[in-house]
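Okay, entry-v7.cif is below, mmCIF, C-alpha atoms:
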data_start
loop_
_atom_site.label_atom_id
_atom_site.label_comp_id
_atom_site.auth_asym_id
_atom_site.auth_seq_id
_atom_site.Cartn_x
_atom_site.Cartn_y
_atom_site.Cartn_z
CA MET C 75 121.66 48.73 332.56
CA PRO C 76 118.79 49.30 330.15
CA ALA C 77 118.75 52.54 328.19
CA LEU C 78 115.70 54.76 327.77
CA THR C 79 113.80 54.03 324.58
CA PHE C 80 112.62 56.73 322.20
CA LEU C 81 109.06 55.99 323.34
CA GLU C 82 110.04 56.60 326.98
CA CYS C 83 111.86 59.82 326.09
CA LEU C 84 108.76 61.12 324.30
CA LEU C 85 106.63 60.13 327.30
CA ILE C 86 108.95 62.03 329.65
CA ALA C 87 108.77 65.13 327.42
CA LEU C 88 104.95 64.89 327.35
CA LEU C 89 104.80 64.58 331.14
CA LEU C 90 107.14 67.52 331.71
CA ALA C 91 104.98 69.69 329.45
CA ALA C 92 101.75 68.50 331.11
CA ALA C 93 103.11 69.06 334.62
CA ALA C 94 104.39 72.54 333.72
CA THR C 95 101.04 73.64 332.25
CA ASP C 96 99.12 72.09 335.14
CA LEU C 97 101.30 73.96 337.64
CA LYS C 98 100.86 77.22 335.74
CA SER C 99 97.17 77.13 334.81
CA ARG C 100 95.70 74.04 336.54
CA ARG C 101 94.79 72.70 333.09
CA ILE C 102 96.26 70.08 330.76
CA PRO C 103 95.71 71.06 327.11
CA ASN C 104 93.78 68.56 324.98
CA ARG C 105 96.14 69.32 322.07
CA LEU C 106 99.08 68.11 324.12
CA LEU C 107 97.27 64.90 325.01
CA ALA C 108 96.15 64.33 321.42
CA ALA C 109 99.71 64.81 320.19
CA GLY C 110 100.91 62.34 322.81
CA LEU C 111 98.33 59.76 321.76
CA ALA C 112 99.29 60.21 318.10
CA CYS C 113 102.98 59.75 318.94
CA ALA C 114 102.24 56.63 320.98
CA ALA C 115 100.12 55.16 318.18
CA ILE C 116 102.76 55.86 315.52
CA LEU C 117 105.56 54.39 317.63
CA HIS C 118 103.54 51.26 318.40
CA LEU C 119 102.72 50.85 314.69
CA CYS C 120 106.43 51.18 313.84
CA SER C 121 107.55 48.79 316.60
CA GLY C 122 107.62 45.73 314.34
CA ARG C 123 105.00 43.90 316.40
CA PRO C 124 101.77 43.56 314.40
CA LEU C 125 99.45 43.84 317.41
CA ALA C 126 101.44 46.38 319.46
CA LEU C 127 98.90 49.13 318.85
CA LEU C 128 96.11 46.94 320.21
CA ASP C 129 97.72 44.93 323.01
CA THR C 130 99.96 47.72 324.29
CA GLY C 131 98.58 51.05 323.10
CA LEU C 132 94.83 50.56 323.20
CA ALA C 133 94.87 48.20 326.19
CA GLY C 134 97.14 50.60 328.09
CA PHE C 135 94.91 53.55 327.21
CA ALA C 136 91.85 51.69 328.51
CA SER C 137 93.68 50.65 331.68
CA GLY C 138 94.85 54.18 332.44
CA LEU C 139 91.39 55.55 331.78
CA LEU C 140 89.61 52.97 333.93
CA LEU C 141 92.06 53.36 336.83
CA PHE C 142 91.40 57.10 337.21
CA LEU C 143 87.80 57.39 335.92
CA PRO C 144 86.18 56.50 339.28
CA LEU C 145 88.00 59.42 340.91
CA TYR C 146 86.67 61.75 338.24
CA CYS C 147 83.14 60.42 338.78
CA LEU C 148 83.50 61.13 342.52
CA ARG C 149 84.74 64.66 341.70
CA GLY C 150 88.11 63.90 343.24
CA MET C 151 90.05 64.49 340.05
CA ALA C 152 89.80 66.65 336.94
CA ALA C 153 89.15 65.24 333.47
CA GLY C 154 92.57 66.34 332.21
CA ASP C 155 94.26 64.17 334.83
CA VAL C 156 92.22 61.15 333.73
CA LYS C 157 93.06 61.80 330.09
CA LEU C 158 96.74 62.20 330.96
CA MET C 159 96.80 58.85 332.76
CA ALA C 160 95.06 57.23 329.77
CA THR C 161 97.74 58.73 327.50
CA VAL C 162 100.49 57.43 329.78
CA GLY C 163 98.85 54.00 329.55
CA ALA C 164 98.87 54.24 325.75
CA PHE C 165 102.64 54.66 325.90
CA THR C 166 103.39 52.06 328.57
CA GLY C 167 100.81 49.31 328.16
CA PRO C 168 98.33 47.97 330.71
CA ALA C 169 100.72 46.32 333.19
CA MET C 170 102.96 49.35 333.54
CA ALA C 171 99.92 51.67 333.56
CA LEU C 172 98.81 49.94 336.76
CA GLN C 173 102.28 50.40 338.28
CA VAL C 174 102.34 54.07 337.24
CA ALA C 175 98.86 54.65 338.68
CA LEU C 176 99.82 53.13 342.02
CA ALA C 177 103.01 55.22 342.16
CA ALA C 178 101.01 58.33 341.13
CA PHE C 179 98.49 57.69 343.92
CA CYS C 180 101.38 57.53 346.42
CA ALA C 181 102.95 60.69 345.00
CA GLY C 182 99.57 62.43 345.04
CA GLY C 183 99.01 61.46 348.66
CA LEU C 184 102.39 62.87 349.65
CA MET C 185 101.70 66.06 347.69
CA ALA C 186 98.31 66.43 349.37
CA LEU C 187 99.81 65.96 352.81
CA VAL C 188 102.51 68.56 352.14
CA MET C 189 99.93 71.02 350.75
CA ILE C 190 97.64 70.54 353.76
CA LEU C 191 100.46 70.97 356.26
CA ALA C 192 101.86 73.99 354.39
CA SER C 193 98.46 75.69 354.32
CA GLY C 194 97.84 75.06 358.02
CA ARG C 195 94.44 73.50 357.32
CA LEU C 196 94.96 70.09 358.88
CA ARG C 197 91.96 70.56 361.21
CA ASP C 198 89.69 71.54 358.29
CA THR C 199 90.88 68.50 356.34
CA GLY C 200 90.12 66.22 359.29
CA ALA C 201 86.62 67.70 359.65
CA ASN C 202 85.92 67.24 355.93
CA LEU C 203 87.25 63.68 356.01
CA MET C 204 85.03 62.80 358.95
CA ALA C 205 82.02 64.34 357.18
CA LEU C 206 82.76 62.22 354.09
CA LEU C 207 83.28 58.99 356.05
CA ARG C 208 80.41 59.38 358.54
CA PRO C 209 77.64 58.34 356.07
CA LEU C 210 79.68 55.27 355.11
CA PHE C 211 80.00 54.16 358.74
CA LEU C 212 76.32 54.85 359.41
CA ARG C 213 75.32 52.84 356.35
CA LEU C 214 77.54 49.94 357.46
CA CYS C 215 75.79 49.95 360.83
CA GLY C 216 72.36 49.87 359.15
CA MET C 217 71.38 53.37 360.22
CA PRO C 218 69.58 55.84 357.97
CA VAL C 219 71.85 58.31 356.24
CA VAL C 220 71.13 61.97 355.66
CA ALA C 221 73.39 63.81 353.26
CA GLU C 222 75.29 66.61 354.95
CA PRO C 223 77.38 69.38 353.39
CA LEU C 224 81.07 69.55 354.16
CA PRO C 225 81.73 71.59 357.31
CA THR C 226 84.45 73.68 355.63
CA PRO C 227 85.22 74.49 352.00
CA SER C 228 87.70 72.32 350.16
CA VAL C 229 91.24 72.76 351.38
CA GLY C 230 92.45 73.28 347.81
CA ASN C 231 93.09 71.64 344.49
CA MET C 232 96.27 70.01 343.35
CA PRO C 233 98.12 69.87 340.02
CA TYR C 234 97.81 66.09 339.74
CA ALA C 235 99.85 65.98 336.50
CA VAL C 236 102.87 66.45 338.77
CA ALA C 237 101.92 63.31 340.71
CA ILE C 238 101.35 61.35 337.49
CA ALA C 239 104.72 62.53 336.18
CA GLY C 240 106.40 61.58 339.44
CA GLY C 241 104.78 58.15 339.44
CA THR C 242 105.82 57.58 335.84
CA PHE C 243 109.39 58.73 336.45
CA PHE C 244 109.65 56.43 339.47
CA THR C 245 108.26 53.47 337.51
CA LEU C 246 110.58 54.08 334.56
CA ALA C 247 113.58 54.50 336.89
CA ARG C 248 112.98 51.26 338.81
CA PRO C 249 115.50 49.24 336.74
CA TRP C 250 118.23 51.64 337.90
CA LEU C 251 117.25 51.60 341.58
#
Would you give me this structure, written as structure tokens?
Amino acid sequence: MPALTFLECLLIALLLAAAATDLKSRRIPNRLLAAGLACAAILHLCSGRPLALLDTGLAGFASGLLLFLPLYCLRGMAAGDVKLMATVGAFTGPAMALQVALAAFCAGGLMALVMILASGRLRDTGANLMALLRPLFLRLCGMPVVAEPLPTPSVGNMPYAVAIAGGTFFTLARPWL
């Protein structure tokens, strides 16, 4: 059985702090993310591999950023969540950042489903989803598209740092499963 590395322990501490602040205030402090990036950079520099900072840290940061940036551009995710995923990538490297992102998307989908069911707004969610997908289907059929507002207000926002933490924990725990 592999043991947790110091780098992984620091990442877990960072994620617990980010998830707690996101749950409390729906924000992830930039200071926390900057401290995480500094820790990741220092640990990669001290790893004994000359290019670890570039091929693991920087490449992982870019991977994490690019995996979540489209969702930010579509207004489906906050900037703090994107920066947190980029920081996770700086710790884990590009290959594991992809695994974490996929696990976080699954965790986020489950969280969203639970939140929608708990709020009793399944019908509103369905109406909004249809309003978002209708222009896509019309465009695919070659019909003109007119932008329409959502029929109901958003069904809520979600502390996505919890999903990122859950995806990271699952990915790190896979050797023990």
Report summary line: CA of Leu184 (chain C) to CA of Phe142 (chain C) measures 17.6 Å
Report task. Would you kindly return, as number ranges by chain, each protein, DNA or RNA residue with an atom no farther than 12 Å from any atom of Arg101 (chain C), considering all atoms listed in the file and excluding same-chain residues fewer than 3 positions away? Result -> C: 91-98, 104-107, 151-158, 231-236
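What separates CA of Gly241 (chain C) from CA of Ala171 (chain C) is a distance of 10.0 Å.
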Query - Contacts of Leu117 (chain C) within 12 Å, all atoms listed in the file, excl. fewer than 3 positions in-chain, as a list in words - result: Thr79, Phe80, Leu81, Glu82, Cys83, Leu84, Leu85, Gly110, Leu111, Ala112, Cys113, Ala114, Cys120, Ser121, Gly122, Arg123, Pro124, Ala126, Leu127, Thr130, Gly131, Ala164, Phe165 and Thr166 of chain C
Mind working out the centre and edge lengths of an axis-aligned box for region 102-107 of chain C, all listed atoms inside, 8 Å added to each side, rounded to one decimal in Å and written as AutoDock Vina command-line options?
--center_x 96.4 --center_y 68.0 --center_z 326.4 --size_x 21.3 --size_y 22.2 --size_z 24.7
Requested in this report: Run through the PyMOL selection byres ((chain C and resi 137) around 8) on the given coordinates and return the selected residues as number ranges by chain.
Outcome: C: 133-136, 138-141, 160, 163, 168, 171-172
Student task, region 135-212 of chain C output with C-alpha atoms as a tab-separated table (two decimals), in the first residue's frame:
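New file selection.tsv:
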chain	number	residue	atom	x	y	z
C	135	PHE	CA	-1.60	24.13	-13.52
C	136	ALA	CA	-2.28	24.75	-17.22
C	137	SER	CA	-4.25	21.50	-17.52
C	138	GLY	CA	-6.44	22.28	-14.51
C	139	LEU	CA	-7.03	25.80	-15.76
C	140	LEU	CA	-7.92	24.74	-19.30
C	141	LEU	CA	-10.25	21.96	-18.13
C	142	PHE	CA	-12.47	24.33	-16.12
C	143	LEU	CA	-12.02	27.62	-18.03
C	144	PRO	CA	-14.73	26.86	-20.64
C	145	LEU	CA	-17.29	26.46	-17.84
C	146	TYR	CA	-16.29	29.84	-16.44
C	147	CYS	CA	-16.64	31.41	-19.90
C	148	LEU	CA	-20.16	29.94	-20.16
C	149	ARG	CA	-20.96	31.35	-16.69
C	150	GLY	CA	-21.43	27.86	-15.32
C	151	MET	CA	-18.68	28.15	-12.75
C	152	ALA	CA	-17.06	30.85	-10.62
C	153	ALA	CA	-13.47	32.02	-11.11
C	154	GLY	CA	-12.41	30.71	-7.70
C	155	ASP	CA	-13.39	27.18	-8.72
C	156	VAL	CA	-11.29	27.46	-11.88
C	157	LYS	CA	-8.32	28.76	-9.90
C	158	LEU	CA	-8.73	25.98	-7.35
C	159	MET	CA	-8.67	23.33	-10.08
C	160	ALA	CA	-5.56	24.95	-11.58
C	161	THR	CA	-3.93	24.83	-8.13
C	162	VAL	CA	-4.87	21.16	-7.74
C	163	GLY	CA	-3.26	20.55	-11.14
C	164	ALA	CA	-0.10	22.29	-9.96
C	165	PHE	CA	0.13	19.76	-7.15
C	166	THR	CA	-0.83	16.64	-9.12
C	167	GLY	CA	0.48	17.16	-12.64
C	168	PRO	CA	-1.45	17.10	-15.92
C	169	ALA	CA	-2.45	13.42	-16.08
C	170	MET	CA	-3.88	13.34	-12.58
C	171	ALA	CA	-5.45	16.79	-13.07
C	172	LEU	CA	-7.56	15.26	-15.85
C	173	GLN	CA	-8.58	12.38	-13.57
C	174	VAL	CA	-9.44	14.79	-10.75
C	175	ALA	CA	-11.47	17.00	-13.11
C	176	LEU	CA	-13.49	14.04	-14.37
C	177	ALA	CA	-14.14	12.85	-10.81
C	178	ALA	CA	-15.05	16.43	-9.78
C	179	PHE	CA	-17.52	16.70	-12.66
C	180	CYS	CA	-19.17	13.47	-11.47
C	181	ALA	CA	-19.24	14.69	-7.86
C	182	GLY	CA	-20.60	18.06	-8.99
C	183	GLY	CA	-23.35	16.37	-10.99
C	184	LEU	CA	-24.39	14.30	-7.98
C	185	MET	CA	-24.33	17.39	-5.76
C	186	ALA	CA	-26.45	19.31	-8.25
C	187	LEU	CA	-28.99	16.51	-8.46
C	188	VAL	CA	-29.26	16.29	-4.67
C	189	MET	CA	-29.62	20.08	-4.38
C	190	ILE	CA	-32.32	20.18	-7.07
C	191	LEU	CA	-34.28	17.33	-5.51
C	192	ALA	CA	-33.91	18.78	-2.00
C	193	SER	CA	-35.16	22.19	-3.14
C	194	GLY	CA	-38.15	20.70	-4.97
C	195	ARG	CA	-37.29	22.58	-8.16
C	196	LEU	CA	-36.93	19.66	-10.55
C	197	ARG	CA	-39.61	21.08	-12.88
C	198	ASP	CA	-37.88	24.50	-12.99
C	199	THR	CA	-34.57	22.80	-13.74
C	200	GLY	CA	-36.13	20.84	-16.60
C	201	ALA	CA	-37.66	24.01	-18.07
C	202	ASN	CA	-34.33	25.84	-17.87
C	203	LEU	CA	-32.50	22.89	-19.41
C	204	MET	CA	-34.94	22.75	-22.31
C	205	ALA	CA	-34.59	26.51	-22.84
C	206	LEU	CA	-30.80	26.13	-22.97
C	207	LEU	CA	-30.86	23.14	-25.34
C	208	ARG	CA	-33.62	24.36	-27.68
C	209	PRO	CA	-31.39	26.82	-29.63
C	210	LEU	CA	-28.79	24.08	-30.09
C	211	PHE	CA	-31.34	21.69	-31.58
C	212	LEU	CA	-32.79	24.43	-33.80
